file my_file.txt (compact mmCIF, C-alpha atoms)
# COMPACT_ATOMS: atom_id res chain seq x y z
CA MET A 1 -10.65 -32.28 17.58
CA GLU A 2 -9.29 -30.25 14.67
CA THR A 3 -5.71 -31.13 13.91
CA GLY A 4 -3.03 -28.54 13.65
CA TYR A 5 -0.48 -28.51 10.90
CA ALA A 6 3.18 -27.78 10.45
CA ILE A 7 5.51 -26.70 7.70
CA THR A 8 9.08 -27.81 7.29
CA GLU A 9 12.06 -25.61 6.51
CA LYS A 10 11.95 -26.75 2.88
CA GLN A 11 8.25 -25.91 2.52
CA SER A 12 8.81 -22.58 4.24
CA ARG A 13 11.65 -21.73 1.83
CA ALA A 14 9.45 -22.64 -1.16
CA LEU A 15 6.67 -20.35 0.10
CA ASP A 16 9.12 -17.52 0.77
CA THR A 17 10.47 -17.86 -2.77
CA ALA A 18 6.98 -17.82 -4.29
CA LEU A 19 6.06 -14.69 -2.31
CA SER A 20 9.29 -12.84 -3.07
CA ASP A 21 8.83 -13.58 -6.80
CA LEU A 22 5.28 -12.21 -6.54
CA LEU A 23 6.58 -9.09 -4.78
CA VAL A 24 8.89 -8.31 -7.69
CA LEU A 25 6.66 -9.37 -10.59
CA ALA A 26 3.54 -7.62 -9.29
CA GLU A 27 5.54 -4.52 -8.32
CA ALA A 28 4.08 -4.79 -4.85
CA GLU A 29 5.21 -3.35 -1.52
CA SER A 30 4.36 -6.31 0.70
CA VAL A 31 2.96 -9.79 0.29
CA PHE A 32 1.49 -11.92 3.09
CA MET A 33 0.13 -15.42 3.29
CA SER A 34 -2.13 -16.55 6.12
CA ASP A 35 -4.61 -19.29 6.85
CA HIS A 36 -8.32 -18.82 7.56
CA GLY A 37 -7.66 -18.99 11.29
CA GLY A 38 -5.48 -15.86 11.06
CA ASN A 39 -2.07 -17.55 11.40
CA LEU A 40 0.67 -15.83 9.43
CA ILE A 41 2.36 -18.45 7.24
CA ALA A 42 4.87 -16.36 5.29
CA CYS A 43 5.51 -12.77 4.32
CA CYS A 44 7.79 -10.74 2.12
CA SER A 45 8.15 -6.99 2.00
CA ALA A 46 10.18 -4.29 0.34
CA GLU A 47 10.38 -2.53 3.68
CA THR A 48 10.78 -3.73 7.26
CA HIS A 49 7.57 -4.04 9.26
CA ASN A 50 7.32 -4.67 12.96
CA ASP A 51 6.30 -8.12 14.00
CA GLY A 52 3.01 -7.10 15.63
CA LEU A 53 1.83 -5.31 12.49
CA ILE A 54 2.41 -8.38 10.35
CA GLN A 55 0.49 -10.62 12.77
CA THR A 56 -2.37 -8.13 12.81
CA VAL A 57 -2.53 -7.96 9.01
CA ALA A 58 -2.82 -11.76 8.89
CA ALA A 59 -5.61 -11.77 11.49
CA LEU A 60 -7.57 -9.00 9.78
CA ALA A 61 -7.18 -10.56 6.33
CA ALA A 62 -8.53 -13.84 7.65
CA GLY A 63 -11.38 -12.02 9.37
CA ALA A 64 -12.24 -10.14 6.19
CA PHE A 65 -12.28 -13.33 4.18
CA ASN A 66 -14.33 -15.26 6.65
CA ALA A 67 -16.90 -12.46 6.58
CA THR A 68 -16.80 -12.44 2.78
CA ARG A 69 -17.53 -16.17 2.70
CA GLU A 70 -20.70 -15.55 4.67
CA LEU A 71 -21.69 -12.71 2.33
CA ALA A 72 -21.18 -15.07 -0.59
CA ALA A 73 -23.43 -17.65 1.03
CA LEU A 74 -26.14 -15.03 1.56
CA VAL A 75 -26.22 -14.16 -2.14
CA LYS A 76 -25.93 -17.84 -3.09
CA GLU A 77 -22.43 -17.53 -4.55
CA PRO A 78 -20.12 -20.47 -3.72
CA GLU A 79 -17.23 -18.15 -2.87
CA PHE A 80 -15.84 -14.71 -3.57
CA ARG A 81 -12.25 -15.48 -4.36
CA ALA A 82 -10.88 -11.96 -4.11
CA ILE A 83 -11.31 -8.73 -2.17
CA TYR A 84 -9.94 -5.45 -3.48
CA HIS A 85 -9.53 -2.42 -1.19
CA GLN A 86 -8.74 0.60 -3.32
CA GLY A 87 -6.97 3.49 -1.61
CA SER A 88 -5.48 6.79 -2.76
CA ASN A 89 -1.87 5.87 -2.10
CA ARG A 90 -1.97 2.16 -1.37
CA SER A 91 -4.36 -0.62 -2.21
CA ILE A 92 -4.80 -4.17 -1.00
CA TYR A 93 -5.74 -7.21 -3.03
CA ILE A 94 -6.67 -10.34 -1.09
CA HIS A 95 -6.90 -13.62 -2.95
CA ALA A 96 -8.29 -16.87 -1.53
CA LEU A 97 -6.61 -20.06 -2.59
CA PRO A 98 -8.68 -23.21 -3.18
CA SER A 99 -7.23 -24.57 0.07
CA ASP A 100 -7.75 -22.73 3.37
CA PHE A 101 -5.12 -20.08 2.70
CA ILE A 102 -5.11 -16.42 1.71
CA VAL A 103 -2.58 -14.28 -0.15
CA LEU A 104 -2.65 -10.54 0.54
CA VAL A 105 -0.79 -8.03 -1.63
CA VAL A 106 -0.17 -4.39 -0.67
CA PHE A 107 0.71 -2.21 -3.65
CA GLY A 108 1.18 1.46 -4.45
CA GLU A 109 -0.73 3.79 -6.76
CA ALA A 110 1.72 3.25 -9.63
CA THR A 111 0.92 -0.46 -9.82
CA PRO A 112 -2.14 -1.46 -11.85
CA VAL A 113 -4.43 -3.90 -10.07
CA GLY A 114 -4.55 -6.06 -13.21
CA LEU A 115 -0.85 -6.78 -12.84
CA VAL A 116 -1.38 -7.88 -9.26
CA LYS A 117 -4.32 -10.11 -10.20
CA LEU A 118 -2.34 -11.73 -13.00
CA TYR A 119 0.63 -12.67 -10.87
CA VAL A 120 -1.38 -13.59 -7.77
CA GLU A 121 -3.14 -16.24 -9.82
CA ARG A 122 0.20 -17.63 -10.93
CA THR A 123 1.73 -17.52 -7.46
CA GLY A 124 -1.43 -19.11 -6.12
CA ARG A 125 -0.81 -22.16 -8.27
CA GLU A 126 2.79 -22.38 -7.03
CA ILE A 127 1.67 -22.07 -3.43
CA GLU A 128 -1.00 -24.73 -3.93
CA SER A 129 1.64 -27.19 -5.07
CA VAL A 130 3.59 -26.55 -1.86
CA ILE A 131 0.45 -26.71 0.26
CA ARG A 132 -0.41 -30.12 -1.14
CA THR A 133 2.78 -31.39 0.46
CA ILE A 134 1.78 -29.87 3.83
CA GLY A 135 -1.70 -31.29 4.13
CA ARG A 136 -3.23 -31.49 7.55
CA GLN A 137 -0.38 -33.21 9.30
CA ASP A 138 0.78 -32.93 12.86
CA ALA A 139 4.05 -31.39 13.92
CA ALA A 140 5.67 -34.73 14.57
CA THR A 141 5.27 -35.94 11.01
CA ALA A 142 6.16 -32.63 9.35
CA GLY A 143 9.21 -33.56 7.35
CA LYS A 144 9.88 -36.35 9.82
CA GLN A 145 11.67 -33.88 12.03
CA ALA A 146 12.71 -35.47 15.31
CA VAL A 147 11.46 -32.66 17.49
CA LYS A 148 10.36 -33.11 21.06
CA PHE A 149 8.41 -30.14 22.33
CA GLU A 150 9.14 -29.34 25.93
CA LEU A 151 7.88 -26.66 28.29
CA ARG A 152 10.51 -24.48 29.88
CA ASP A 153 10.75 -24.52 33.67
CA GLY A 154 8.63 -22.15 35.71
CA ASP A 155 4.95 -21.45 36.17
CA ASP A 156 4.69 -18.29 34.10
CA MET A 157 4.08 -18.51 30.36
CA PHE A 158 5.00 -14.86 29.90
CA ASP A 159 7.70 -12.65 31.34
CA ARG A 160 6.26 -9.64 33.12
CA MET E 161 -5.71 -24.99 15.23
CA SER E 162 -2.04 -24.79 16.10
CA PHE E 163 0.43 -24.06 13.34
CA VAL E 164 4.14 -24.90 13.61
CA ASN E 165 6.73 -23.27 11.40
CA PHE E 166 9.95 -25.25 11.73
CA ALA E 167 11.90 -22.77 9.60
CA LYS E 168 11.10 -19.87 11.91
CA LYS E 169 10.89 -22.05 15.05
CA GLU E 170 7.44 -20.69 15.82
CA ILE E 171 4.22 -22.21 17.09
CA ASN E 172 0.95 -20.29 16.74
CA PHE E 173 -2.08 -20.69 18.99
CA LYS E 174 -5.44 -18.96 18.86
CA ILE E 175 -7.21 -18.08 22.11
CA VAL E 176 -10.75 -16.65 22.07
CA TYR E 177 -12.35 -14.70 24.93
CA TYR E 178 -16.06 -15.53 24.80
CA GLY E 179 -18.97 -14.37 26.94
CA PRO E 180 -22.11 -12.23 27.14
CA ALA E 181 -22.27 -8.55 26.20
CA LEU E 182 -20.39 -6.16 28.52
CA CYS E 183 -18.89 -8.95 30.64
CA GLY E 184 -15.33 -7.59 30.24
CA LYS E 185 -13.80 -9.48 27.30
CA THR E 186 -12.32 -6.38 25.68
CA THR E 187 -11.19 -5.11 29.09
CA ASN E 188 -9.19 -8.32 29.54
CA LEU E 189 -7.25 -7.64 26.35
CA GLU E 190 -6.83 -3.94 27.11
CA VAL E 191 -5.37 -4.72 30.52
CA LEU E 192 -3.06 -7.39 29.12
CA HIS E 193 -1.88 -4.93 26.49
CA LYS E 194 -1.02 -2.51 29.29
CA VAL E 195 0.79 -4.92 31.62
CA MET E 196 2.71 -7.06 29.14
CA PRO E 197 6.24 -5.90 28.34
CA ASP E 198 6.68 -4.40 24.87
CA GLU E 199 8.74 -7.31 23.60
CA ALA E 200 6.00 -9.80 24.50
CA ARG E 201 3.08 -8.10 22.82
CA GLY E 202 2.04 -6.49 19.55
CA GLU E 203 -0.41 -3.69 19.02
CA MET E 204 -4.01 -4.21 20.04
CA THR E 205 -6.54 -3.89 17.23
CA MET E 206 -10.17 -3.15 18.04
CA LEU E 207 -12.91 -3.39 15.45
CA SER E 208 -15.58 -1.47 17.35
CA THR E 209 -18.80 0.40 16.68
CA GLN E 210 -18.98 4.15 17.31
CA GLN E 211 -20.27 3.30 20.77
CA ASP E 212 -17.07 1.33 21.49
CA ARG E 213 -18.88 -1.99 21.40
CA THR E 214 -17.02 -4.80 19.70
CA LEU E 215 -18.25 -5.10 16.10
CA TYR E 216 -16.14 -7.94 14.75
CA PHE E 217 -13.33 -8.77 17.15
CA ASP E 218 -10.49 -7.33 19.21
CA PHE E 219 -7.08 -8.76 18.56
CA LEU E 220 -3.91 -8.85 20.62
CA PRO E 221 -0.85 -10.88 19.58
CA LEU E 222 1.43 -12.09 22.38
CA LYS E 223 4.58 -14.14 22.29
CA SER E 224 6.36 -16.28 24.81
CA ASN E 225 9.36 -18.58 25.00
CA ALA E 226 7.46 -21.11 27.09
CA ILE E 227 8.28 -24.00 24.74
CA LYS E 228 12.00 -24.61 24.63
CA GLY E 229 13.65 -23.67 21.35
CA PHE E 230 10.49 -22.14 19.86
CA ILE E 231 8.66 -18.85 19.98
CA SER E 232 5.07 -19.51 21.03
CA ARG E 233 2.71 -16.99 19.52
CA PHE E 234 -0.70 -16.54 21.13
CA GLN E 235 -3.28 -14.66 19.10
CA LEU E 236 -5.90 -13.39 21.54
CA TYR E 237 -9.34 -12.59 20.12
CA THR E 238 -12.58 -11.42 21.66
CA VAL E 239 -16.01 -11.91 20.15
CA PRO E 240 -18.83 -9.35 20.04
CA GLY E 241 -21.20 -10.06 22.91
CA GLN E 242 -24.33 -8.53 21.43
CA SER E 243 -26.78 -11.16 20.18
CA ILE E 244 -27.18 -9.59 16.72
CA TYR E 245 -23.55 -10.46 15.96
CA ASN E 246 -23.85 -14.20 16.41
CA GLU E 247 -22.58 -14.96 12.91
CA THR E 248 -19.45 -12.98 13.71
CA ARG E 249 -18.94 -14.89 16.95
CA ARG E 250 -19.10 -18.14 15.05
CA LEU E 251 -16.52 -16.91 12.53
CA VAL E 252 -14.07 -15.82 15.22
CA LEU E 253 -14.15 -19.37 16.61
CA THR E 254 -12.59 -20.66 13.36
CA SER E 255 -9.55 -22.82 14.24
CA VAL E 256 -9.63 -21.87 17.93
CA ASP E 257 -7.11 -23.61 20.21
CA GLY E 258 -8.33 -22.40 23.60
CA ILE E 259 -11.26 -20.49 25.08
CA VAL E 260 -11.61 -18.19 28.09
CA PHE E 261 -15.29 -17.95 28.93
CA VAL E 262 -15.77 -14.63 30.73
CA ALA E 263 -18.90 -14.58 32.90
CA ASP E 264 -20.41 -11.49 34.53
CA SER E 265 -20.74 -12.15 38.27
CA GLN E 266 -23.77 -9.90 38.81
CA TRP E 267 -26.96 -11.77 39.72
CA GLU E 268 -28.95 -10.07 36.98
CA GLU E 269 -26.50 -11.35 34.36
CA MET E 270 -26.76 -15.05 35.22
CA GLU E 271 -29.31 -15.72 32.52
CA HIS E 272 -27.08 -14.00 29.93
CA ASN E 273 -24.09 -16.04 31.12
CA ALA E 274 -26.00 -19.27 30.67
CA GLU E 275 -27.29 -18.21 27.24
CA SER E 276 -23.82 -17.24 26.09
CA PHE E 277 -22.32 -20.50 27.32
CA GLU E 278 -24.97 -22.44 25.42
CA ASN E 279 -24.40 -20.22 22.39
CA LEU E 280 -20.68 -21.01 22.54
CA GLN E 281 -21.42 -24.71 22.34
CA ASP E 282 -23.89 -24.18 19.48
CA ASN E 283 -21.38 -22.11 17.53
CA LEU E 284 -18.68 -24.72 18.01
CA LYS E 285 -21.07 -27.27 16.54
CA GLY E 286 -21.07 -25.06 13.42
CA HIS E 287 -17.36 -25.87 13.15
CA ARG E 288 -18.05 -29.55 13.89
CA ARG E 289 -16.28 -29.23 17.22
CA LYS E 290 -17.25 -29.85 20.82
CA LEU E 291 -16.38 -27.74 23.84
CA GLU E 292 -15.13 -30.78 25.75
CA ASP E 293 -12.47 -31.34 23.07
CA ILE E 294 -11.10 -27.81 23.33
CA PRO E 295 -9.07 -26.47 26.29
CA TYR E 296 -11.13 -23.84 28.09
CA ILE E 297 -11.36 -22.08 31.43
CA LEU E 298 -13.97 -19.96 33.18
CA GLN E 299 -13.33 -16.43 34.39
CA PHE E 300 -15.87 -15.01 36.84
CA ASN E 301 -15.46 -11.30 36.30
CA LYS E 302 -16.61 -8.15 38.14
CA ARG E 303 -16.04 -9.67 41.57
CA ASP E 304 -15.69 -6.14 43.01
CA LEU E 305 -19.36 -5.27 42.45
CA PRO E 306 -21.85 -5.50 45.32
CA ASN E 307 -24.60 -7.60 43.77
CA ILE E 308 -22.71 -10.71 42.78
CA ALA E 309 -23.45 -14.41 42.86
CA PRO E 310 -21.25 -16.66 44.99
CA VAL E 311 -18.45 -18.41 43.14
CA GLU E 312 -19.96 -21.79 44.09
CA TYR E 313 -23.22 -20.83 42.40
CA MET E 314 -21.47 -19.76 39.19
CA ASP E 315 -19.33 -22.85 39.22
CA PHE E 316 -22.44 -25.01 39.64
CA MET E 317 -24.22 -23.17 36.84
CA LEU E 318 -21.46 -23.07 34.24
CA ASN E 319 -19.18 -25.92 35.16
CA GLN E 320 -21.41 -28.92 34.54
CA GLN E 321 -19.24 -30.65 31.95
CA GLU E 322 -17.93 -34.12 32.72
CA GLU E 323 -14.42 -32.72 33.08
CA LYS E 324 -14.63 -29.59 35.18
CA ALA E 325 -12.83 -26.53 33.87
CA ALA E 326 -10.49 -24.41 35.96
CA PHE E 327 -12.11 -21.15 37.06
CA PHE E 328 -10.76 -17.78 38.14
CA GLU E 329 -12.28 -14.84 39.98
CA SER E 330 -11.36 -11.54 38.40
CA VAL E 331 -11.77 -7.80 38.36
CA ALA E 332 -10.55 -7.20 34.82
CA SER E 333 -10.70 -3.41 35.09
CA GLN E 334 -8.14 -3.60 37.94
CA CYS E 335 -6.09 -6.39 36.36
CA VAL E 336 -7.04 -8.82 39.11
CA GLY E 337 -7.10 -12.42 37.91
CA VAL E 338 -6.56 -11.47 34.27
CA TYR E 339 -2.97 -12.57 33.93
CA GLU E 340 -3.65 -15.72 35.97
CA ALA E 341 -6.48 -16.73 33.65
CA LEU E 342 -4.36 -16.10 30.56
CA ASN E 343 -1.46 -18.01 32.05
CA MET E 344 -3.69 -21.00 32.77
CA ILE E 345 -5.36 -21.20 29.36
CA CYS E 346 -1.97 -20.93 27.66
CA LYS E 347 -0.61 -23.71 29.86
CA ILE E 348 -3.54 -25.99 29.12
CA VAL E 349 -3.38 -25.28 25.39
CA MET E 350 0.33 -26.01 25.29
CA ALA E 351 -0.09 -29.14 27.41
CA GLN E 352 -2.61 -30.44 24.90
CA PHE E 353 -0.37 -29.47 21.98
CA ILE E 354 2.64 -31.24 23.50
CA ARG E 355 0.63 -34.33 24.35
CA GLU E 356 -0.74 -34.58 20.83
CA HIS E 357 2.46 -33.87 18.98
CA ASN E 358 5.30 -35.25 21.03
CA MET E 359 6.80 -38.53 20.12
CA GLY E 360 7.13 -40.58 23.27
CA ALA E 361 7.46 -37.55 25.49
CA THR E 362 4.06 -37.38 27.14
CA THR E 363 5.59 -37.35 30.60
CA GLU E 364 6.99 -33.90 29.85
CA ALA E 365 3.56 -32.40 29.35
CA PRO E 366 1.57 -31.36 32.41
CA ASN E 367 -1.80 -33.01 32.74
CA GLU E 368 -4.82 -30.75 32.22
CA LYS E 369 -6.57 -32.13 35.29
CA ASP E 370 -3.53 -31.46 37.48
CA LEU E 371 -3.40 -27.91 36.20
CA ALA E 372 -7.10 -27.40 36.88
CA VAL E 373 -6.80 -28.70 40.44
CA LYS E 374 -3.83 -26.44 41.04
CA ALA E 375 -5.81 -23.43 39.80
CA SER E 376 -8.87 -24.12 41.90
call {"tool": "encode", "arguments": {"input": "my_file.txt", "output": "structure tokens"}}
result
Amino acid sequence: METGYAITEKQSRALDTALSDLLVLAEAESVFMSDHGGNLIACCSAETHNDGLIQTVAALAAGAFNATRELAALVKEPEFRAIYHQGSNRSIYIHALPSDFIVLVVFGEATPVGLVKLYVERTGREIESVIRTIGRQDAATAGKQAVKFELRDGDDMFDR
Amino acid sequence: MSFVNFAKKEINFKIVYYGPALCGKTTNLEVLHKVMPDEARGEMTMLSTQQDRTLYFDFLPLKSNAIKGFISRFQLYTVPGQSIYNETRRLVLTSVDGIVFVADSQWEEMEHNAESFENLQDNLKGHRRKLEDIPYILQFNKRDLPNIAPVEYMDFMLNQQEEKAAFFESVASQCVGVYEALNMICKIVMAQFIREHNMGATTEAPNEKDLAVKAS
């Protein structure tokens, strides 16, 4: 079975810092990080987004990249490392890290894409150094946190 | 593949609704989107063709406080049922934590159900995973239609694994059995997560077999 993974508070803070630096340096509006399964790992934005929107962005970014991987295989390219969606008012640049993670940057028309590319590369290296400390570990060993997961009472998983 | 964020006290799980074309996978998510309270669900995203057939996937994020002290996030996905989109189906199974196999109860769809179930196992092999290692349940949908196979027949046809899966009868379009199926797959997924990750606390986690017996 595939193993899940977990990030500690320290790792989460390091990722948040890397993304908020990217937000400022790349003059972006929002920055997201997700894994290839569509899990949102971290995000940082100049404006407040609702929770559902952020989760959906992570899922769609992962979907787009998974599809891009297959396209790359079809044209015998090991991997396309970036996707650029150019819009009139906003654009999106998605960058795949060497590990199974993706950084997505939303930026406005005043921001040149070259600036985004430049700083995404740099942030990618910072993120990679944090990711190396995550690895594929289970929740119990993540930062040696003494956490016992426990189901709440009741049969229903969701309130209706 | 579950992901725990200790800083945000969140656990993420991915659930995929799998099954043949037009069996009701998207309807499941649409109905859940309607009946879940606003605070428990995000917006539903559908990547469809112009004919409203699923092109890539449908996506519905839900959250629950079922694990004490954490927000449990369930990302619900469907796959496209049409055979030409097999590569897409395989991609959507990336890092899946739990599967709801939706079968069409009509007699004429039995062959498609069997093909899709086999296809699910083949696509999991592409991720180097086996169905028996992943929590899954069966949902026998469209039980309101006249020309349907008996539940026992469908169970016999689709539930031949060594460990039998829980199954549910449903009429997704009327929200019958939809919530129950979701509730069960989430329970089984969380039970497996707790069993794998807890340190000396396995007695807290319900046993999958017990849950399956309770459901049937």
call {"tool": "closest_atom_pairs", "arguments": {"input": "my_file.txt", "of": "chain E", "to": "chain A", "cutoff": "7 Å", "atoms": "all atoms listed in the file", "output": "JSON lines"}}
result
{"residue": "E:Met161", "atom": "CA", "partner": "A:Gly4", "partner_atom": "CA", "distance": 4.7}
{"residue": "E:Ser162", "atom": "CA", "partner": "A:Gly4", "partner_atom": "CA", "distance": 4.6}
{"residue": "E:Phe163", "atom": "CA", "partner": "A:Tyr5", "partner_atom": "CA", "distance": 5.2}
{"residue": "E:Val164", "atom": "CA", "partner": "A:Ala6", "partner_atom": "CA", "distance": 4.4}
{"residue": "E:Asn165", "atom": "CA", "partner": "A:Ile7", "partner_atom": "CA", "distance": 5.2}
{"residue": "E:Phe166", "atom": "CA", "partner": "A:Thr8", "partner_atom": "CA", "distance": 5.2}
{"residue": "E:Ala167", "atom": "CA", "partner": "A:Glu9", "partner_atom": "CA", "distance": 4.2}
{"residue": "E:Asn172", "atom": "CA", "partner": "A:Asn39", "partner_atom": "CA", "distance": 6.7}
{"residue": "E:Met196", "atom": "CA", "partner": "A:Arg160", "partner_atom": "CA", "distance": 5.9}
{"residue": "E:Pro197", "atom": "CA", "partner": "A:Arg160", "partner_atom": "CA", "distance": 6.1}
{"residue": "E:Gly202", "atom": "CA", "partner": "A:Gly52", "partner_atom": "CA", "distance": 4.1}
{"residue": "E:Glu203", "atom": "CA", "partner": "A:Gly52", "partner_atom": "CA", "distance": 5.9}
{"residue": "E:Pro221", "atom": "CA", "partner": "A:Gly52", "partner_atom": "CA", "distance": 6.7}
{"residue": "E:Ser224", "atom": "CA", "partner": "A:Phe158", "partner_atom": "CA", "distance": 5.5}
{"residue": "E:Ala226", "atom": "CA", "partner": "A:Arg152", "partner_atom": "CA", "distance": 5.3}
{"residue": "E:Ile227", "atom": "CA", "partner": "A:Leu151", "partner_atom": "CA", "distance": 4.5}
{"residue": "E:Lys228", "atom": "CA", "partner": "A:Arg152", "partner_atom": "CA", "distance": 5.5}
{"residue": "E:Leu251", "atom": "CA", "partner": "A:Asn66", "partner_atom": "CA", "distance": 6.5}
{"residue": "E:Thr254", "atom": "CA", "partner": "A:Gly37", "partner_atom": "CA", "distance": 5.6}
{"residue": "E:Ser255", "atom": "CA", "partner": "A:Gly37", "partner_atom": "CA", "distance": 5.2}
{"residue": "E:Arg289", "atom": "CA", "partner": "A:Met1", "partner_atom": "CA", "distance": 6.4}
{"residue": "E:Asp293", "atom": "CA", "partner": "A:Met1", "partner_atom": "CA", "distance": 5.9}
{"residue": "E:Asn343", "atom": "CA", "partner": "A:Met157", "partner_atom": "CA", "distance": 5.8}
{"residue": "E:Ile354", "atom": "CA", "partner": "A:Phe149", "partner_atom": "CA", "distance": 6.0}
{"residue": "E:His357", "atom": "CA", "partner": "A:Ala140", "partner_atom": "CA", "distance": 5.5}
{"residue": "E:Asn358", "atom": "CA", "partner": "A:Lys148", "partner_atom": "CA", "distance": 5.5}
{"residue": "E:Met359", "atom": "CA", "partner": "A:Lys148", "partner_atom": "CA", "distance": 6.6}
{"residue": "E:Ala361", "atom": "CA", "partner": "A:Lys148", "partner_atom": "CA", "distance": 6.9}
{"residue": "E:Glu364", "atom": "CA", "partner": "A:Glu150", "partner_atom": "CA", "distance": 6.4}
call {"tool": "write_last_selection", "arguments": {"input": "my_file.txt", "atoms": "C-alpha atoms", "output": "PDB file, keeping the file's coordinate frame"}}
result
ATOM      1  CA  MET E 161      -5.710 -24.990  15.230  1.00  0.00           C
ATOM      2  CA  SER E 162      -2.040 -24.790  16.100  1.00  0.00           C
ATOM      3  CA  PHE E 163       0.430 -24.060  13.340  1.00  0.00           C
ATOM      4  CA  VAL E 164       4.140 -24.900  13.610  1.00  0.00           C
ATOM      5  CA  ASN E 165       6.730 -23.270  11.400  1.00  0.00           C
ATOM      6  CA  PHE E 166       9.950 -25.250  11.730  1.00  0.00           C
ATOM      7  CA  ALA E 167      11.900 -22.770   9.600  1.00  0.00           C
ATOM      8  CA  ASN E 172       0.950 -20.290  16.740  1.00  0.00           C
ATOM      9  CA  MET E 196       2.710  -7.060  29.140  1.00  0.00           C
ATOM     10  CA  PRO E 197       6.240  -5.900  28.340  1.00  0.00           C
ATOM     11  CA  GLY E 202       2.040  -6.490  19.550  1.00  0.00           C
ATOM     12  CA  GLU E 203      -0.410  -3.690  19.020  1.00  0.00           C
ATOM     13  CA  PRO E 221      -0.850 -10.880  19.580  1.00  0.00           C
ATOM     14  CA  SER E 224       6.360 -16.280  24.810  1.00  0.00           C
ATOM     15  CA  ALA E 226       7.460 -21.110  27.090  1.00  0.00           C
ATOM     16  CA  ILE E 227       8.280 -24.000  24.740  1.00  0.00           C
ATOM     17  CA  LYS E 228      12.000 -24.610  24.630  1.00  0.00           C
ATOM     18  CA  LEU E 251     -16.520 -16.910  12.530  1.00  0.00           C
ATOM     19  CA  THR E 254     -12.590 -20.660  13.360  1.00  0.00           C
ATOM     20  CA  SER E 255      -9.550 -22.820  14.240  1.00  0.00           C
ATOM     21  CA  ARG E 289     -16.280 -29.230  17.220  1.00  0.00           C
ATOM     22  CA  ASP E 293     -12.470 -31.340  23.070  1.00  0.00           C
ATOM     23  CA  ASN E 343      -1.460 -18.010  32.050  1.00  0.00           C
ATOM     24  CA  ILE E 354       2.640 -31.240  23.500  1.00  0.00           C
ATOM     25  CA  HIS E 357       2.460 -33.870  18.980  1.00  0.00           C
ATOM     26  CA  ASN E 358       5.300 -35.250  21.030  1.00  0.00           C
ATOM     27  CA  MET E 359       6.800 -38.530  20.120  1.00  0.00           C
ATOM     28  CA  ALA E 361       7.460 -37.550  25.490  1.00  0.00           C
ATOM     29  CA  GLU E 364       6.990 -33.900  29.850  1.00  0.00           C
TER      30      GLU E 364
END
call {"tool": "atom_distance", "arguments": {"input": "my_file.txt", "atom1": "atom CA of E:Leu291", "atom2": "atom CA of E:Tyr177"}}
result
13.7 Å
call {"tool": "atom_distance", "arguments": {"input": "my_file.txt", "atom1": "atom CA of E:Gly179", "atom2": "atom CA of E:Val262"}}
result
5.0 Å
call {"tool": "residues_around", "arguments": {"input": "my_file.txt", "residues": "E:Lys194", "least_positions_apart": "3", "cutoff": "12 Å", "atoms": "all atoms listed in the file", "output": "list in words"}}
result
Arg160 of chain A; Thr187, Asn188, Leu189, Glu190, Val191, Pro197, Asp198, Ala200, Arg201, Gly202, Glu203, Met204, Leu220, Ala332, Ser333, Gln334, Cys335, Val338 and Tyr339 of chain E
call {"tool": "atom_distance", "arguments": {"input": "my_file.txt", "atom1": "atom CA of E:Asp304", "atom2": "atom CA of E:Asn279"}}
result
26.4 Å
call {"tool": "residues_around", "arguments": {"input": "my_file.txt", "residues": "A:Phe107", "least_positions_apart": "4", "cutoff": "10 Å", "atoms": "only C-alpha atoms", "output": "list in words"}}
result
Leu23, Ala26, Glu27, Ala28, Glu29, Ser30, Val31, Gln86, Gly87, Asn89, Arg90, Ser91, Ile92, Tyr93, Thr111, Pro112, Val113 and Val116 of chain A
call {"tool": "residues_near_point", "arguments": {"input": "my_file.txt", "point": "(-8.3, -15.6, -3.0)", "cutoff": "8 Å", "atoms": "only C-alpha atoms", "output": "PyMOL selection string"}}
result
chain A and resi 80-83+94-98+101-103
call {"tool": "axis_aligned_box", "arguments": {"input": "my_file.txt", "around": "stretch 71-79 of chain A", "padding_each_side": "6 Å", "output": "AutoDock Vina command-line options"}}
result
--center_x -21.7 --center_y -16.6 --center_z -1.1 --size_x 21.0 --size_y 19.8 --size_z 18.9
call {"tool": "residues_around", "arguments": {"input": "my_file.txt", "residues": "E:Phe173", "least_positions_apart": "5", "cutoff": "9 Å", "atoms": "all atoms listed in the file", "output": "PDB file with C-alpha atoms, in the coordinates of the input"}}
result
ATOM      1  CA  ASN A  39      -2.070 -17.550  11.400  1.00  0.00           C
TER       2      ASN A  39
ATOM      3  CA  MET E 161      -5.710 -24.990  15.230  1.00  0.00           C
ATOM      4  CA  SER E 162      -2.040 -24.790  16.100  1.00  0.00           C
ATOM      5  CA  PHE E 163       0.430 -24.060  13.340  1.00  0.00           C
ATOM      6  CA  SER E 232       5.070 -19.510  21.030  1.00  0.00           C
ATOM      7  CA  ARG E 233       2.710 -16.990  19.520  1.00  0.00           C
ATOM      8  CA  PHE E 234      -0.700 -16.540  21.130  1.00  0.00           C
ATOM      9  CA  GLN E 235      -3.280 -14.660  19.100  1.00  0.00           C
ATOM     10  CA  LEU E 236      -5.900 -13.390  21.540  1.00  0.00           C
ATOM     11  CA  VAL E 256      -9.630 -21.870  17.930  1.00  0.00           C
ATOM     12  CA  ASP E 257      -7.110 -23.610  20.210  1.00  0.00           C
ATOM     13  CA  GLY E 258      -8.330 -22.400  23.600  1.00  0.00           C
ATOM     14  CA  CYS E 346      -1.970 -20.930  27.660  1.00  0.00           C
ATOM     15  CA  VAL E 349      -3.380 -25.280  25.390  1.00  0.00           C
ATOM     16  CA  MET E 350       0.330 -26.010  25.290  1.00  0.00           C
TER      17      MET E 350
END
call {"tool": "closest_residue", "arguments": {"input": "my_file.txt", "among": "E:Val336, E:Asn283, E:Glu275, E:Glu269", "to": "E:Ala309", "atoms": "only C-alpha atoms"}}
result
E:Glu269
